>>> print(open('coords-v1.txt').read())   # compact mmCIF, C-alpha atoms
# COMPACT_ATOMS: atom_id res chain seq x y z
CA MET A 212 -27.81 -37.88 -97.14
CA ASP A 213 -25.01 -36.53 -99.30
CA THR A 214 -27.17 -33.64 -100.55
CA TYR A 215 -28.12 -32.66 -96.99
CA THR A 216 -24.45 -32.66 -95.91
CA ASN A 217 -23.50 -30.35 -98.80
CA TYR A 218 -26.47 -28.08 -97.99
CA ALA A 219 -25.48 -27.89 -94.29
CA LYS A 220 -21.83 -27.12 -95.12
CA ASP A 221 -22.88 -24.47 -97.63
CA ASN A 222 -25.17 -22.78 -95.06
CA GLN A 223 -22.48 -22.98 -92.39
CA GLY A 224 -20.04 -21.19 -94.73
CA LYS A 225 -22.64 -18.50 -95.44
CA ARG A 226 -23.24 -18.00 -91.71
CA ARG A 227 -19.53 -17.64 -91.04
CA ARG A 228 -19.17 -15.05 -93.84
CA LEU A 229 -22.18 -13.15 -92.47
CA LEU A 230 -20.68 -13.12 -88.96
CA LEU A 231 -17.34 -11.99 -90.41
CA TYR A 232 -19.04 -9.10 -92.26
CA ILE A 233 -20.93 -8.09 -89.12
CA ALA A 234 -17.71 -8.18 -87.04
CA LEU A 235 -15.82 -6.13 -89.64
CA GLY A 236 -18.68 -3.62 -89.76
CA ALA A 237 -18.63 -3.29 -85.97
CA ILE A 238 -14.86 -2.75 -86.00
CA PHE A 239 -15.21 -0.09 -88.72
CA LEU A 240 -17.94 1.74 -86.80
CA THR A 241 -15.89 1.62 -83.60
CA ALA A 242 -12.86 3.02 -85.47
CA CYS A 243 -15.02 5.82 -86.91
CA VAL A 244 -16.33 6.75 -83.46
CA ILE A 245 -12.81 6.76 -81.98
CA ALA A 246 -11.52 8.80 -84.93
CA GLY A 247 -14.38 11.25 -84.37
CA PHE A 248 -13.22 11.85 -80.82
CA PHE A 249 -9.69 12.62 -82.07
CA LEU A 250 -10.69 14.67 -85.10
CA PHE A 251 -13.43 16.64 -83.36
CA PRO A 252 -12.55 16.88 -79.65
CA ALA A 253 -15.05 18.51 -77.32
CA GLU A 254 -14.15 22.08 -76.53
CA GLU A 255 -14.15 23.41 -72.99
CA PRO A 256 -16.77 26.08 -72.28
CA THR A 257 -15.20 29.53 -72.26
CA GLU A 258 -17.70 31.27 -70.01
CA ASP A 259 -20.65 30.54 -67.78
CA VAL A 260 -23.97 31.35 -69.40
CA PRO A 261 -26.82 32.07 -66.99
CA GLY A 262 -30.02 30.26 -67.87
CA GLY A 263 -28.64 27.65 -70.27
CA ILE A 264 -26.26 27.03 -73.12
CA ILE A 265 -25.51 28.87 -76.32
CA TYR A 266 -25.47 26.74 -79.46
CA ASP A 267 -22.69 27.29 -81.95
CA LEU A 268 -23.96 29.02 -85.09
CA ASP A 269 -21.50 27.01 -87.22
CA ALA A 270 -23.05 23.67 -86.19
CA VAL A 271 -24.94 21.85 -88.94
CA THR A 272 -27.17 18.80 -88.77
CA GLY A 273 -25.48 15.49 -89.42
CA GLY A 274 -22.48 13.47 -88.35
CA TRP A 275 -20.28 10.96 -90.08
CA GLU A 276 -23.21 9.85 -92.21
CA SER A 277 -23.23 13.28 -93.88
CA ILE A 278 -19.83 12.74 -95.52
CA SER A 279 -18.66 10.00 -97.82
CA GLU A 280 -16.44 7.10 -96.84
CA GLU A 281 -13.68 8.59 -99.02
CA GLU A 282 -13.86 11.88 -97.06
CA ILE A 283 -13.66 9.99 -93.76
CA THR A 284 -10.67 8.01 -95.03
CA GLU A 285 -8.95 11.19 -96.24
CA ALA A 286 -9.51 12.92 -92.88
CA LEU A 287 -8.10 9.93 -91.01
CA ASN A 288 -5.12 9.64 -93.38
CA ASN A 289 -4.35 13.35 -92.92
CA LYS A 290 -4.40 12.91 -89.14
CA VAL A 291 -2.06 9.92 -89.39
CA ALA A 292 0.31 11.75 -91.79
CA GLU A 293 0.53 14.67 -89.36
CA GLY A 294 1.87 12.34 -86.71
CA MET A 295 4.33 10.47 -88.94
CA ILE A 296 8.06 10.78 -88.23
CA ASN A 297 10.47 10.33 -91.11
CA ILE A 298 13.91 9.59 -89.68
CA SER A 299 17.16 9.88 -91.59
CA MET A 300 20.70 9.36 -90.30
CA ASN A 301 24.00 7.74 -91.26
CA THR A 302 23.67 4.26 -89.72
CA ALA A 303 27.46 3.74 -89.59
CA PRO A 304 29.06 7.03 -88.45
CA VAL A 305 32.85 7.11 -87.97
CA PHE A 306 34.82 9.25 -85.49
CA ALA A 307 38.63 9.66 -85.73
CA ASP A 308 38.79 9.57 -81.92
CA GLY A 309 36.46 9.96 -78.93
CA GLN A 310 36.53 13.77 -79.10
CA ALA A 311 36.45 14.33 -82.87
CA LYS A 312 33.42 15.15 -84.95
CA GLY A 313 31.88 12.23 -86.81
CA ASN A 314 29.72 12.01 -89.94
CA LEU A 315 26.32 11.62 -88.23
CA MET A 316 24.33 13.16 -91.14
CA ILE A 317 21.12 13.53 -89.14
CA VAL A 318 18.43 14.98 -91.45
CA ASN A 319 15.00 16.31 -90.51
CA GLU A 320 13.34 15.75 -93.88
CA LEU A 321 10.98 18.29 -95.47
CA VAL A 322 8.12 15.75 -95.25
CA ASN A 323 8.16 16.03 -91.44
CA THR A 324 5.84 18.41 -89.65
CA TYR A 325 7.85 19.13 -86.52
CA PRO A 326 11.41 19.94 -85.39
CA GLN A 327 13.36 16.92 -84.11
CA ARG A 328 15.83 16.27 -81.32
CA VAL A 329 18.07 13.21 -81.60
CA GLU A 330 19.61 11.22 -78.77
CA LEU A 331 22.16 8.38 -79.14
CA TYR A 332 22.27 5.64 -76.51
CA ARG A 333 24.84 2.84 -76.24
CA ASN A 334 22.93 -0.44 -76.36
CA ASP A 335 25.35 -2.31 -74.06
CA THR A 336 25.26 0.24 -71.18
CA GLU A 337 22.17 2.35 -72.11
CA GLU A 338 24.39 5.41 -71.60
CA LEU A 339 23.30 8.61 -73.36
CA ILE A 340 26.31 9.59 -75.50
CA TYR A 341 24.88 12.34 -77.73
CA THR A 342 21.99 14.80 -77.68
CA SER A 343 21.28 17.31 -80.42
CA ASP A 344 19.37 20.51 -79.98
CA ALA A 345 16.18 20.95 -82.01
CA ILE A 346 16.72 20.42 -85.74
CA PRO A 347 14.31 22.49 -87.87
CA VAL A 348 12.33 20.78 -90.64
CA GLY A 349 14.44 20.73 -93.81
CA SER A 350 17.74 20.96 -91.89
CA LYS A 351 20.58 18.57 -91.06
CA ILE A 352 23.51 18.01 -88.75
CA ALA A 353 26.26 16.74 -91.06
CA GLU A 354 28.95 16.36 -88.39
CA ALA A 355 29.02 16.55 -84.60
CA ALA A 356 31.14 15.39 -81.69
CA LEU A 357 29.76 13.01 -79.10
CA ASP A 358 28.92 14.27 -75.60
CA VAL A 359 31.06 11.44 -74.16
CA ASP A 360 34.71 10.64 -74.91
CA LEU A 361 34.53 7.01 -76.06
CA GLU A 362 37.53 4.71 -76.38
CA ALA A 363 38.41 3.18 -79.76
CA GLY A 364 35.94 0.52 -80.78
CA VAL A 365 32.67 -0.32 -82.46
CA TYR A 366 29.50 0.48 -80.55
CA GLU A 367 25.95 -0.60 -81.31
CA CYS A 368 23.68 2.30 -80.42
CA THR A 369 20.06 3.35 -80.73
CA ALA A 370 19.23 6.75 -82.19
CA MET A 371 16.00 8.14 -80.75
CA PHE A 372 14.31 10.80 -82.91
CA HIS A 373 11.88 12.96 -80.92
CA SER A 374 9.34 15.16 -82.75
CA LEU A 375 8.96 18.39 -80.78
CA ASP A 376 6.10 20.84 -80.40
CA PRO A 377 7.53 24.00 -82.03
CA ASP A 378 5.95 26.23 -79.36
CA THR A 379 6.64 24.34 -76.14
CA GLY A 380 9.41 21.87 -77.03
CA ALA A 381 7.30 19.01 -75.63
CA VAL A 382 7.92 15.59 -77.19
CA LEU A 383 5.01 14.69 -79.50
CA GLY A 384 6.30 11.34 -80.74
CA THR A 385 9.44 9.22 -80.93
CA ALA A 386 10.99 6.81 -83.40
CA GLY A 387 14.23 4.87 -83.10
CA ALA A 388 16.86 3.22 -85.27
CA VAL A 389 19.90 1.04 -84.61
CA VAL A 390 23.24 2.67 -85.47
CA THR A 391 26.73 1.14 -85.50
CA LEU A 392 29.18 3.81 -84.35
CA THR A 393 32.95 3.44 -84.87
CA VAL A 394 35.64 5.30 -82.93
CA GLN A 395 38.97 4.73 -84.68
CA ALA A 396 41.53 5.80 -82.06
>>> encode(input="coords-v1.txt", output="structure tokens")
Amino acid sequence: MDTYTNYAKDNQGKRRRLLLYIALGAIFLTACVIAGFFLFPAEEPTEDVPGGIIYDLDAVTGGWESISEEEITEALNNKVAEGMINISMNTAPVFADGQAKGNLMIVNELVNTYPQRVELYRNDTEELIYTSDAIPVGSKIAEAALDVDLEAGVYECTAMFHSLDPDTGAVLGTAGAVVTLTVQA
């Protein structure tokens, strides 16, 4: 009886591992298919062709199976890196008064791909108190005045960094950070 119990438990563990491997494989395949749609989107036809379609001369036989797992991973990592936003700002800027410039030190790091626009919102009222113009990659705003004349005090704010399409100015992605802003007088 004891031997049968050990055998049954051992087989049950093997079955669970097999099901886990199958589930992980299915998730990986699904991720590859989804990544394929993002990496190789279908192009719209540019003209009507009477009598049928024209096949692209650059097309070659094969899909994901024709490249290695490392090449797939590299392609996916490159796509992710393109969309990453590195945000950098003084998290405790100080302003002499509500109209003075403060040491914001907003930096659009060289590792970023796109220009950034930064907005500061008060967390207690959700009021927009500062908006920058587009900051080119590799540039900074060391000091700036707020768009609103705040009374003396300490304000918890959220800085929203928006990555912008360099051609259209459309927001491509956003990241935020909490900032504690001090107005001295």
>>> residues_near_point(input="coords-v1.txt", point="(22.0, -0.8, -78.3)", cutoff="10 Å", atoms="only C-alpha atoms", output="JSON, numbers by chain")
{"A": [331, 332, 333, 334, 335, 336, 337, 338, 366, 367, 368, 369, 370, 388, 389, 390, 391]}
>>> residues_around(input="coords-v1.txt", residues="range 353-361 of chain A", least_positions_apart="5", cutoff="9 Å", atoms="all atoms listed in the file", output="list in words")
Phe306, Asp308, Gly309, Gln310, Ala311, Lys312, Gly313, Asn314, Leu315, Met316, Ile317, Val318, Leu331, Leu339, Ile340, Tyr341, Thr342, Ser343 and Val394 of chain A
>>> atom_distance(input="coords-v1.txt", atom1="CA of Asn319 in chain A", atom2="CA of Leu287 in chain A")
24.0 Å
>>> atom_distance(input="coords-v1.txt", atom1="CA of Gly387 in chain A", atom2="CA of Met300 in chain A")
10.7 Å
>>> closest_residue(input="coords-v1.txt", among="A:Ser279, A:Gln327, A:Thr385, A:Asn301", to="Asp344 in chain A", atoms="all atoms listed in the file")
A:Gln327
>>> residues_around(input="coords-v1.txt", residues="Asn297 in chain A", least_positions_apart="3", cutoff="9 Å", atoms="all atoms listed in the file", output="list in words")
Asn319, Glu320, Val322, Asn323 and Ala386 of chain A
>>> write_last_selection(input="coords-v1.txt", atoms="C-alpha atoms", output="PDB file, in the coordinates of the input")
ATOM      1  CA  ASN A 319      15.000  16.310 -90.510  1.00  0.00           C
ATOM      2  CA  GLU A 320      13.340  15.750 -93.880  1.00  0.00           C
ATOM      3  CA  VAL A 322       8.120  15.750 -95.250  1.00  0.00           C
ATOM      4  CA  ASN A 323       8.160  16.030 -91.440  1.00  0.00           C
ATOM      5  CA  ALA A 386      10.990   6.810 -83.400  1.00  0.00           C
TER       6      ALA A 386
END
>>> atom_distance(input="coords-v1.txt", atom1="CA of Thr241 in chain A", atom2="CA of Glu281 in chain A")
17.1 Å
